[in-house]
$ cat model-v9.cif   # mmCIF, C-alpha atoms and all ligand atoms
data_protein
#
loop_
_atom_site.label_atom_id
_atom_site.label_comp_id
_atom_site.auth_asym_id
_atom_site.auth_seq_id
_atom_site.Cartn_x
_atom_site.Cartn_y
_atom_site.Cartn_z
CA MET A 209 33.97 -7.78 -42.69
CA SER A 210 30.66 -9.54 -41.99
CA GLN A 211 29.56 -12.42 -44.17
CA PRO A 212 27.07 -11.83 -46.99
CA ARG A 213 23.49 -12.27 -45.75
CA THR A 214 20.21 -12.37 -47.60
CA VAL A 215 17.33 -10.49 -46.03
CA ALA A 216 13.78 -11.28 -47.14
CA VAL A 217 11.74 -8.07 -47.07
CA VAL A 218 8.02 -8.44 -46.39
CA VAL A 219 5.97 -5.27 -46.86
CA GLY A 220 2.56 -5.13 -45.20
CA SER A 221 0.98 -2.70 -47.67
CA LEU A 222 -0.15 -3.87 -51.11
CA ARG A 223 -0.68 -0.48 -52.73
CA ALA A 224 1.66 0.68 -55.48
CA ASP A 225 2.58 4.01 -53.86
CA SER A 226 3.08 2.55 -50.39
CA ALA A 227 5.22 4.61 -48.03
CA SER A 228 6.10 1.38 -46.23
CA ARG A 229 7.62 -0.01 -49.42
CA LYS A 230 9.56 3.22 -49.89
CA VAL A 231 10.88 2.95 -46.34
CA ALA A 232 11.90 -0.65 -47.03
CA LYS A 233 13.72 0.41 -50.21
CA ALA A 234 15.49 3.20 -48.33
CA ILE A 235 16.65 0.76 -45.64
CA ALA A 236 18.01 -1.55 -48.34
CA ALA A 237 19.85 1.32 -50.04
CA LEU A 238 21.39 2.60 -46.80
CA ALA A 239 22.35 -0.77 -45.25
CA PRO A 240 25.86 -2.23 -45.10
CA SER A 241 26.88 -3.85 -48.39
CA ASN A 242 27.04 -7.39 -46.99
CA LEU A 243 23.23 -7.38 -46.66
CA LYS A 244 21.40 -8.34 -49.87
CA PHE A 245 17.67 -7.56 -49.80
CA ALA A 246 15.07 -9.62 -51.66
CA PHE A 247 11.47 -8.36 -51.64
CA VAL A 248 9.05 -11.24 -51.10
CA GLU A 249 5.54 -10.47 -52.33
CA ILE A 250 2.43 -11.36 -50.32
CA GLY A 251 -0.44 -9.91 -52.37
CA ASP A 252 -1.12 -13.11 -54.31
CA LEU A 253 -1.30 -15.46 -51.32
CA PRO A 254 -4.72 -17.12 -50.99
CA HIS A 255 -6.21 -16.80 -47.50
CA PHE A 256 -4.81 -19.43 -45.22
CA ASP A 257 -7.10 -22.45 -45.11
CA GLN A 258 -5.87 -25.62 -43.47
CA ASP A 259 -7.97 -27.68 -45.88
CA LEU A 260 -5.72 -26.53 -48.74
CA GLU A 261 -2.58 -28.04 -47.19
CA ALA A 262 -3.05 -31.36 -49.02
CA THR A 263 -2.43 -29.56 -52.32
CA PRO A 264 -1.00 -26.17 -51.34
CA PRO A 265 -1.56 -23.25 -53.73
CA GLU A 266 1.48 -22.49 -55.88
CA ALA A 267 1.76 -19.01 -54.33
CA TRP A 268 2.07 -20.52 -50.85
CA THR A 269 4.86 -22.81 -52.00
CA ARG A 270 6.66 -19.95 -53.74
CA PHE A 271 6.38 -17.75 -50.65
CA ARG A 272 7.52 -20.44 -48.24
CA GLY A 273 10.51 -21.20 -50.45
CA GLU A 274 11.58 -17.57 -50.67
CA ILE A 275 11.44 -17.08 -46.91
CA ALA A 276 13.18 -20.39 -46.20
CA TRP A 277 16.04 -19.39 -48.49
CA ALA A 278 16.74 -16.10 -46.66
CA ASP A 279 19.05 -15.66 -43.68
CA ALA A 280 16.83 -13.05 -42.03
CA VAL A 281 13.52 -11.24 -42.42
CA LEU A 282 12.69 -7.54 -42.39
CA PHE A 283 9.02 -6.68 -41.92
CA VAL A 284 7.98 -3.15 -42.90
CA THR A 285 4.31 -2.52 -42.32
CA PRO A 286 1.70 0.17 -41.95
CA GLU A 287 -0.80 0.06 -39.14
CA TYR A 288 -4.39 -0.76 -40.03
CA ASN A 289 -6.91 -0.08 -37.26
CA ARG A 290 -4.19 -0.24 -34.61
CA SER A 291 -3.01 -3.64 -35.82
CA VAL A 292 -1.31 -5.46 -38.68
CA PRO A 293 -2.87 -5.42 -42.18
CA GLY A 294 -4.76 -8.64 -42.91
CA ALA A 295 -2.55 -9.45 -45.90
CA LEU A 296 0.53 -9.46 -43.68
CA LYS A 297 -1.06 -11.58 -40.97
CA ASN A 298 -2.11 -14.01 -43.69
CA ALA A 299 1.49 -14.22 -44.93
CA VAL A 300 2.71 -14.87 -41.39
CA ASP A 301 0.17 -17.69 -41.05
CA VAL A 302 0.99 -19.21 -44.47
CA GLY A 303 4.69 -19.31 -43.62
CA SER A 304 4.03 -20.93 -40.26
CA ARG A 305 2.50 -24.14 -41.62
CA PRO A 306 2.43 -27.13 -42.12
CA TYR A 307 2.83 -27.70 -38.38
CA GLY A 308 6.47 -28.28 -37.52
CA GLN A 309 7.72 -26.88 -40.83
CA SER A 310 7.47 -23.14 -40.18
CA VAL A 311 9.82 -21.22 -42.45
CA TRP A 312 10.09 -18.48 -39.83
CA ASN A 313 11.62 -20.67 -37.14
CA GLY A 314 14.89 -19.28 -35.77
CA LYS A 315 15.36 -16.59 -38.41
CA PRO A 316 16.58 -13.25 -37.09
CA ALA A 317 14.08 -10.49 -37.81
CA ALA A 318 13.34 -6.81 -37.47
CA VAL A 319 10.07 -4.91 -37.57
CA VAL A 320 9.59 -1.40 -38.90
CA SER A 321 6.14 0.15 -38.64
CA THR A 322 4.93 3.19 -40.54
CA SER A 323 2.03 5.58 -40.34
CA MET A 324 0.86 8.73 -42.02
CA GLY A 325 0.12 9.94 -38.49
CA ALA A 326 2.38 10.83 -35.61
CA LEU A 327 2.31 7.53 -33.70
CA GLY A 328 4.29 5.60 -36.31
CA GLY A 329 2.24 2.41 -36.24
CA PHE A 330 3.07 1.50 -32.64
CA GLY A 331 0.07 -0.86 -32.42
CA ALA A 332 0.96 -2.77 -35.59
CA TYR A 333 4.60 -3.01 -34.50
CA HIS A 334 3.76 -4.71 -31.23
CA HIS A 335 0.97 -6.92 -32.57
CA LEU A 336 3.40 -8.29 -35.16
CA ARG A 337 6.10 -8.83 -32.56
CA GLN A 338 3.64 -10.89 -30.53
CA SER A 339 3.42 -13.38 -33.42
CA LEU A 340 7.19 -13.35 -33.94
CA VAL A 341 7.74 -14.39 -30.33
CA PHE A 342 5.54 -17.43 -30.88
CA LEU A 343 7.31 -18.16 -34.19
CA ASN A 344 10.70 -18.22 -32.45
CA MET A 345 12.20 -15.35 -34.43
CA PRO A 346 14.89 -13.43 -32.54
CA THR A 347 13.67 -9.91 -33.25
CA LEU A 348 15.74 -6.76 -32.91
CA ASN A 349 14.71 -4.75 -29.85
CA GLN A 350 16.58 -1.46 -30.33
CA PRO A 351 16.27 0.87 -32.02
CA GLU A 352 12.48 0.76 -31.94
CA THR A 353 11.38 1.77 -35.41
CA TYR A 354 8.08 3.63 -35.54
CA ILE A 355 8.20 5.76 -38.68
CA GLY A 356 5.59 8.51 -38.34
CA ASN A 357 4.41 11.08 -40.89
CA SER A 358 5.46 8.56 -43.53
CA LEU A 359 3.83 10.32 -46.49
CA SER A 360 5.94 13.44 -45.98
CA LEU A 361 9.35 11.74 -46.00
CA PHE A 362 9.68 11.17 -49.75
CA ASP A 363 9.80 13.33 -52.85
CA GLU A 364 7.71 12.72 -55.96
CA ALA A 365 10.29 10.28 -57.30
CA GLY A 366 9.96 8.21 -54.13
CA GLU A 367 13.37 9.23 -52.76
CA LEU A 368 13.81 9.68 -49.04
CA VAL A 369 14.37 13.39 -48.48
CA ASN A 370 14.16 13.66 -44.69
CA GLU A 371 17.67 13.92 -43.28
CA SER A 372 17.05 12.70 -39.74
CA THR A 373 15.08 9.69 -41.02
CA THR A 374 17.90 8.91 -43.44
CA GLU A 375 20.46 8.87 -40.62
CA PHE A 376 18.13 6.88 -38.39
CA LEU A 377 17.55 4.21 -41.06
CA ARG A 378 21.28 4.04 -41.85
CA GLY A 379 22.00 3.28 -38.20
CA PHE A 380 19.13 0.81 -38.09
CA GLY A 381 20.67 -1.11 -41.01
CA GLN A 382 24.04 -1.32 -39.26
CA THR A 383 22.46 -2.56 -36.05
CA PHE A 384 20.32 -5.09 -37.89
CA ALA A 385 23.39 -6.43 -39.75
CA ALA A 386 25.14 -7.02 -36.43
CA TRP A 387 21.98 -8.63 -35.02
CA ILE A 388 21.82 -11.03 -37.96
CA ASP A 389 25.46 -12.00 -37.44
CA THR A 390 24.82 -12.69 -33.77
CA HIS A 391 21.71 -14.76 -34.40
CA THR A 392 22.66 -16.74 -37.48
CA ALA A 393 24.10 -20.18 -36.83
CA PRO A 394 27.36 -21.01 -38.65
CA ALA A 395 26.69 -22.72 -42.01
CA ALA A 396 27.77 -26.15 -40.71
CA ASP A 397 25.24 -25.98 -37.85
CA ARG A 398 22.49 -24.93 -40.20
CA LYS A 399 23.09 -27.96 -42.41
CA ALA A 400 22.89 -30.28 -39.45
CA ALA A 401 19.66 -28.74 -38.11
C1 LIG B 1 -5.12 3.27 -42.03
N1 LIG B 1 -4.26 4.21 -41.50
C2 LIG B 1 -3.94 4.16 -40.16
N2 LIG B 1 -2.94 4.94 -39.62
C3 LIG B 1 -2.59 4.83 -38.31
O1 LIG B 1 -1.69 5.52 -37.85
N3 LIG B 1 -3.25 3.96 -37.49
C4 LIG B 1 -4.25 3.17 -37.94
O2 LIG B 1 -4.79 2.40 -37.17
C5 LIG B 1 -4.63 3.27 -39.31
N4 LIG B 1 -5.63 2.49 -39.81
C6 LIG B 1 -5.82 2.40 -41.15
C7 LIG B 1 -6.69 1.44 -41.67
C8 LIG B 1 -6.82 1.30 -43.03
C9 LIG B 1 -7.73 0.22 -43.59
C10 LIG B 1 -6.11 2.15 -43.91
C11 LIG B 1 -6.25 2.01 -45.42
C12 LIG B 1 -5.29 3.13 -43.41
C13 LIG B 1 -3.60 5.21 -42.37
C14 LIG B 1 -2.24 4.72 -42.83
O3 LIG B 1 -1.24 5.16 -41.94
C15 LIG B 1 -1.93 5.27 -44.25
O4 LIG B 1 -2.95 4.90 -45.16
C16 LIG B 1 -0.58 4.79 -44.75
O5 LIG B 1 -0.21 5.53 -45.89
C17 LIG B 1 -0.58 3.30 -45.08
O6 LIG B 1 0.71 2.85 -45.39
P1 LIG B 1 1.27 2.68 -46.88
O7 LIG B 1 0.21 2.00 -47.70
O8 LIG B 1 1.56 4.06 -47.38
O9 LIG B 1 2.50 1.86 -46.72
#
$ encode --input "model-v9.cif" --output "structure tokens" --more "lines below"
Ligand code: FNR
Amino acid sequence: MSQPRTVAVVVGSLRADSASRKVAKAIAALAPSNLKFAFVEIGDLPHFDQDLEATPPEAWTRFRGEIAWADAVLFVTPEYNRSVPGALKNAVDVGSRPYGQSVWNGKPAAVVSTSMGALGGFGAYHHLRQSLVFLNMPTLNQPETYIGNSLSLFDEAGELVNESTTEFLRGFGQTFAAWIDTHTAPAADRKAA
């Protein structure tokens, strides 16, 4: 049995009825029981401004602490104009500073992109991965997770009702759990780092 792991979930959409958030919740519900998911909110983060670092906004400190505490990060995001929503890019930037103290560094990650259209947010998925390479986050390669037609996958109560997507996300959770195990240093090493 794998060790318990905490996964910080960062959702790129801020709207209440977000399909991306529903996908994230479905992944959490379908994943192996050793993964504990904690949603980390990004909507209250002031725009990154290096001049604020001397006295960082409370929301930045809260966010950085929540990501630092997690063993891994799951990003679930819609595509905005073939890229990542500004709020998500801002969160990525906030977590990456102060220089040399990035909370992302070394944390295993996975990206799931969503779209109401057929392409599944391919552009957002790969733009985000570009940042994660720079941030030194070992990011799951397969399965690629472009969730298209996202608005049609849920019923009015927000429950996932598409069978093939359910099975796909169940498998994704299992693969991500194994990925986290492979890319998480033993506790003793983490203390020493
Ligand atoms: C979109 N949408 C969109 N869809 C897509 O497939 N490619 C894109 O580039 C864009 N661009 C885009 C920009 C902006 C500003 C908005 C508001 C929307 C549509 C998008 O897929 C749809 O609104 C989703 O429902 C957004 O995800 P959530 O909020 O449901 O998680």
$ residues_near_ligand --input "model-v9.cif" --ligand "ligand LIG 1 (chain B)" --cutoff "8 Å" --atoms "all atoms listed in the file" --output "VMD selection string"
chain A and resid 219 to 223 225 to 230 285 to 291 293 322 to 329 331 to 332 356 358 to 359
$ atom_distance --input "model-v9.cif" --atom1 "CA of His391 (chain A)" --atom2 "CA of Gly294 (chain A)"
28.5 Å
$ residues_around --input "model-v9.cif" --residues "region 242-254 of chain A" --least-positions-apart "6" --cutoff "7 Å" --atoms "only C-alpha atoms" --output "PDB file with C-alpha atoms, in the coordinates of the input"
ATOM      1  CA  SER A 210      30.660  -9.540 -41.990  1.00  0.00           C
ATOM      2  CA  GLN A 211      29.560 -12.420 -44.170  1.00  0.00           C
ATOM      3  CA  PRO A 212      27.070 -11.830 -46.990  1.00  0.00           C
ATOM      4  CA  ARG A 213      23.490 -12.270 -45.750  1.00  0.00           C
ATOM      5  CA  THR A 214      20.210 -12.370 -47.600  1.00  0.00           C
ATOM      6  CA  VAL A 215      17.330 -10.490 -46.030  1.00  0.00           C
ATOM      7  CA  ALA A 216      13.780 -11.280 -47.140  1.00  0.00           C
ATOM      8  CA  VAL A 217      11.740  -8.070 -47.070  1.00  0.00           C
ATOM      9  CA  VAL A 218       8.020  -8.440 -46.390  1.00  0.00           C
ATOM     10  CA  LEU A 222      -0.150  -3.870 -51.110  1.00  0.00           C
ATOM     11  CA  ALA A 236      18.010  -1.550 -48.340  1.00  0.00           C
ATOM     12  CA  ALA A 267       1.760 -19.010 -54.330  1.00  0.00           C
ATOM     13  CA  TRP A 268       2.070 -20.520 -50.850  1.00  0.00           C
ATOM     14  CA  GLU A 274      11.580 -17.570 -50.670  1.00  0.00           C
ATOM     15  CA  ALA A 295      -2.550  -9.450 -45.900  1.00  0.00           C
ATOM     16  CA  ALA A 299       1.490 -14.220 -44.930  1.00  0.00           C
ATOM     17  CA  ALA A 385      23.390  -6.430 -39.750  1.00  0.00           C
TER      18      ALA A 385
END
$ closest_residue --input "model-v9.cif" --among "A:Thr347, A:Gln338, A:Thr383, A:Thr353" --to "Pro316 (chain A)" --atoms "all atoms listed in the file"
A:Thr347
$ residues_around --input "model-v9.cif" --residues "Ile235 (chain A)" --least-positions-apart "2" --cutoff "8 Å" --atoms "all atoms listed in the file" --output "ChimeraX atom specification"
/A:231-233,237-239,377-378,380-381
$ closest_residue --input "model-v9.cif" --among "A:Pro351, A:Gly314, A:Gly303, A:Gly273" --to "Phe384 (chain A)" --atoms "all atoms listed in the file"
A:Pro351
$ closest_residue --input "model-v9.cif" --among "A:Ala276, A:Val302, A:Val369, A:Val292" --to "Ser321 (chain A)" --atoms "only C-alpha atoms"
A:Val292
$ atom_distance --input "model-v9.cif" --atom1 "CA of Leu361 (chain A)" --atom2 "CA of Thr373 (chain A)"
7.9 Å
$ residues_around --input "model-v9.cif" --residues "Asn313 (chain A)" --least-positions-apart "2" --cutoff "10 Å" --atoms "only C-alpha atoms" --output "NGL selection string"
:A and (276 or 303-304 or 308-311 or 315-316 or 340 or 342-346)
$ write_last_selection --input "model-v9.cif" --atoms "C-alpha atoms" --output "PDB file, keeping the file's coordinate frame"
ATOM      1  CA  ALA A 276      13.180 -20.390 -46.200  1.00  0.00           C
ATOM      2  CA  GLY A 303       4.690 -19.310 -43.620  1.00  0.00           C
ATOM      3  CA  SER A 304       4.030 -20.930 -40.260  1.00  0.00           C
ATOM      4  CA  GLY A 308       6.470 -28.280 -37.520  1.00  0.00           C
ATOM      5  CA  GLN A 309       7.720 -26.880 -40.830  1.00  0.00           C
ATOM      6  CA  SER A 310       7.470 -23.140 -40.180  1.00  0.00           C
ATOM      7  CA  VAL A 311       9.820 -21.220 -42.450  1.00  0.00           C
ATOM      8  CA  LYS A 315      15.360 -16.590 -38.410  1.00  0.00           C
ATOM      9  CA  PRO A 316      16.580 -13.250 -37.090  1.00  0.00           C
ATOM     10  CA  LEU A 340       7.190 -13.350 -33.940  1.00  0.00           C
ATOM     11  CA  PHE A 342       5.540 -17.430 -30.880  1.00  0.00           C
ATOM     12  CA  LEU A 343       7.310 -18.160 -34.190  1.00  0.00           C
ATOM     13  CA  ASN A 344      10.700 -18.220 -32.450  1.00  0.00           C
ATOM     14  CA  MET A 345      12.200 -15.350 -34.430  1.00  0.00           C
ATOM     15  CA  PRO A 346      14.890 -13.430 -32.540  1.00  0.00           C
TER      16      PRO A 346
END
$ closest_residue --input "model-v9.cif" --among "A:Ile275, A:Pro306, A:Leu282, A:Ala224" --to "Glu261 (chain A)" --atoms "all atoms listed in the file"
A:Pro306
$ atom_distance --input "model-v9.cif" --atom1 "CA of Asp279 (chain A)" --atom2 "CA of Thr392 (chain A)"
7.3 Å
$ closest_residue --input "model-v9.cif" --among "A:Gln350, A:Ser339, A:Ser360, A:Thr263" --to "Gln382 (chain A)" --atoms "all atoms listed in the file"
A:Gln350
$ closest_residue --input "model-v9.cif" --among "A:Gln258, A:Asn298, A:Thr390, A:Thr269" --to "Leu348 (chain A)" --atoms "only C-alpha atoms"
A:Thr390
$ build_atoms --input "model-v9.cif" --residues "region 272-300 of chain A" --atoms "N, CA and C atoms" --output "short mmCIF file (atom, residue, chain, number, x, y, z; two decimals), keeping the file's coordinate frame"
data_model
loop_
_atom_site.label_atom_id
_atom_site.label_comp_id
_atom_site.auth_asym_id
_atom_site.auth_seq_id
_atom_site.Cartn_x
_atom_site.Cartn_y
_atom_site.Cartn_z
N ARG A 272 6.80 -19.68 -49.26
CA ARG A 272 7.52 -20.44 -48.24
C ARG A 272 8.97 -20.67 -48.67
N GLY A 273 9.16 -20.96 -49.94
CA GLY A 273 10.51 -21.20 -50.45
C GLY A 273 11.38 -19.95 -50.36
N GLU A 274 10.80 -18.81 -50.69
CA GLU A 274 11.58 -17.57 -50.67
C GLU A 274 11.98 -17.17 -49.25
N ILE A 275 11.08 -17.39 -48.30
CA ILE A 275 11.44 -17.08 -46.91
C ILE A 275 12.45 -18.09 -46.39
N ALA A 276 12.26 -19.35 -46.70
CA ALA A 276 13.18 -20.39 -46.20
C ALA A 276 14.60 -20.14 -46.68
N TRP A 277 14.73 -19.60 -47.88
CA TRP A 277 16.04 -19.39 -48.49
C TRP A 277 16.80 -18.24 -47.83
N ALA A 278 16.10 -17.31 -47.22
CA ALA A 278 16.74 -16.10 -46.66
C ALA A 278 17.40 -16.39 -45.32
N ASP A 279 18.39 -15.56 -44.99
CA ASP A 279 19.05 -15.66 -43.68
C ASP A 279 18.27 -14.92 -42.61
N ALA A 280 17.51 -13.92 -43.00
CA ALA A 280 16.83 -13.05 -42.03
C ALA A 280 15.61 -12.43 -42.71
N VAL A 281 14.75 -11.84 -41.88
CA VAL A 281 13.52 -11.24 -42.42
C VAL A 281 13.35 -9.83 -41.86
N LEU A 282 13.05 -8.92 -42.78
CA LEU A 282 12.69 -7.54 -42.39
C LEU A 282 11.23 -7.31 -42.73
N PHE A 283 10.43 -7.01 -41.72
CA PHE A 283 9.02 -6.68 -41.92
C PHE A 283 8.88 -5.16 -41.88
N VAL A 284 8.27 -4.59 -42.90
CA VAL A 284 7.98 -3.15 -42.90
C VAL A 284 6.49 -3.02 -43.16
N THR A 285 5.77 -2.48 -42.20
CA THR A 285 4.31 -2.52 -42.32
C THR A 285 3.63 -1.25 -41.84
N PRO A 286 2.55 -0.89 -42.52
CA PRO A 286 1.70 0.17 -41.95
C PRO A 286 0.84 -0.41 -40.85
N GLU A 287 0.18 0.47 -40.16
CA GLU A 287 -0.80 0.06 -39.14
C GLU A 287 -2.19 0.22 -39.74
N TYR A 288 -2.98 -0.83 -39.63
CA TYR A 288 -4.39 -0.76 -40.03
C TYR A 288 -5.23 -0.97 -38.76
N ASN A 289 -6.00 0.03 -38.41
CA ASN A 289 -6.91 -0.08 -37.26
C ASN A 289 -6.19 -0.60 -36.01
N ARG A 290 -5.03 0.04 -35.78
CA ARG A 290 -4.19 -0.24 -34.61
C ARG A 290 -3.62 -1.65 -34.58
N SER A 291 -3.58 -2.30 -35.76
CA SER A 291 -3.01 -3.64 -35.82
C SER A 291 -2.31 -3.83 -37.16
N VAL A 292 -2.05 -5.10 -37.47
CA VAL A 292 -1.31 -5.46 -38.68
C VAL A 292 -2.30 -5.62 -39.84
N PRO A 293 -1.98 -5.17 -41.05
CA PRO A 293 -2.87 -5.42 -42.18
C PRO A 293 -3.14 -6.92 -42.35
N GLY A 294 -4.38 -7.23 -42.76
CA GLY A 294 -4.76 -8.64 -42.91
C GLY A 294 -3.85 -9.40 -43.85
N ALA A 295 -3.41 -8.75 -44.92
CA ALA A 295 -2.55 -9.45 -45.90
C ALA A 295 -1.24 -9.90 -45.24
N LEU A 296 -0.73 -9.09 -44.34
CA LEU A 296 0.53 -9.46 -43.68
C LEU A 296 0.30 -10.59 -42.69
N LYS A 297 -0.78 -10.50 -41.93
CA LYS A 297 -1.06 -11.58 -40.97
C LYS A 297 -1.27 -12.89 -41.72
N ASN A 298 -1.92 -12.82 -42.88
CA ASN A 298 -2.11 -14.01 -43.69
C ASN A 298 -0.76 -14.60 -44.10
N ALA A 299 0.16 -13.74 -44.52
CA ALA A 299 1.49 -14.22 -44.93
C ALA A 299 2.22 -14.88 -43.76
N VAL A 300 2.09 -14.27 -42.58
CA VAL A 300 2.71 -14.87 -41.39
C VAL A 300 2.13 -16.26 -41.16
#
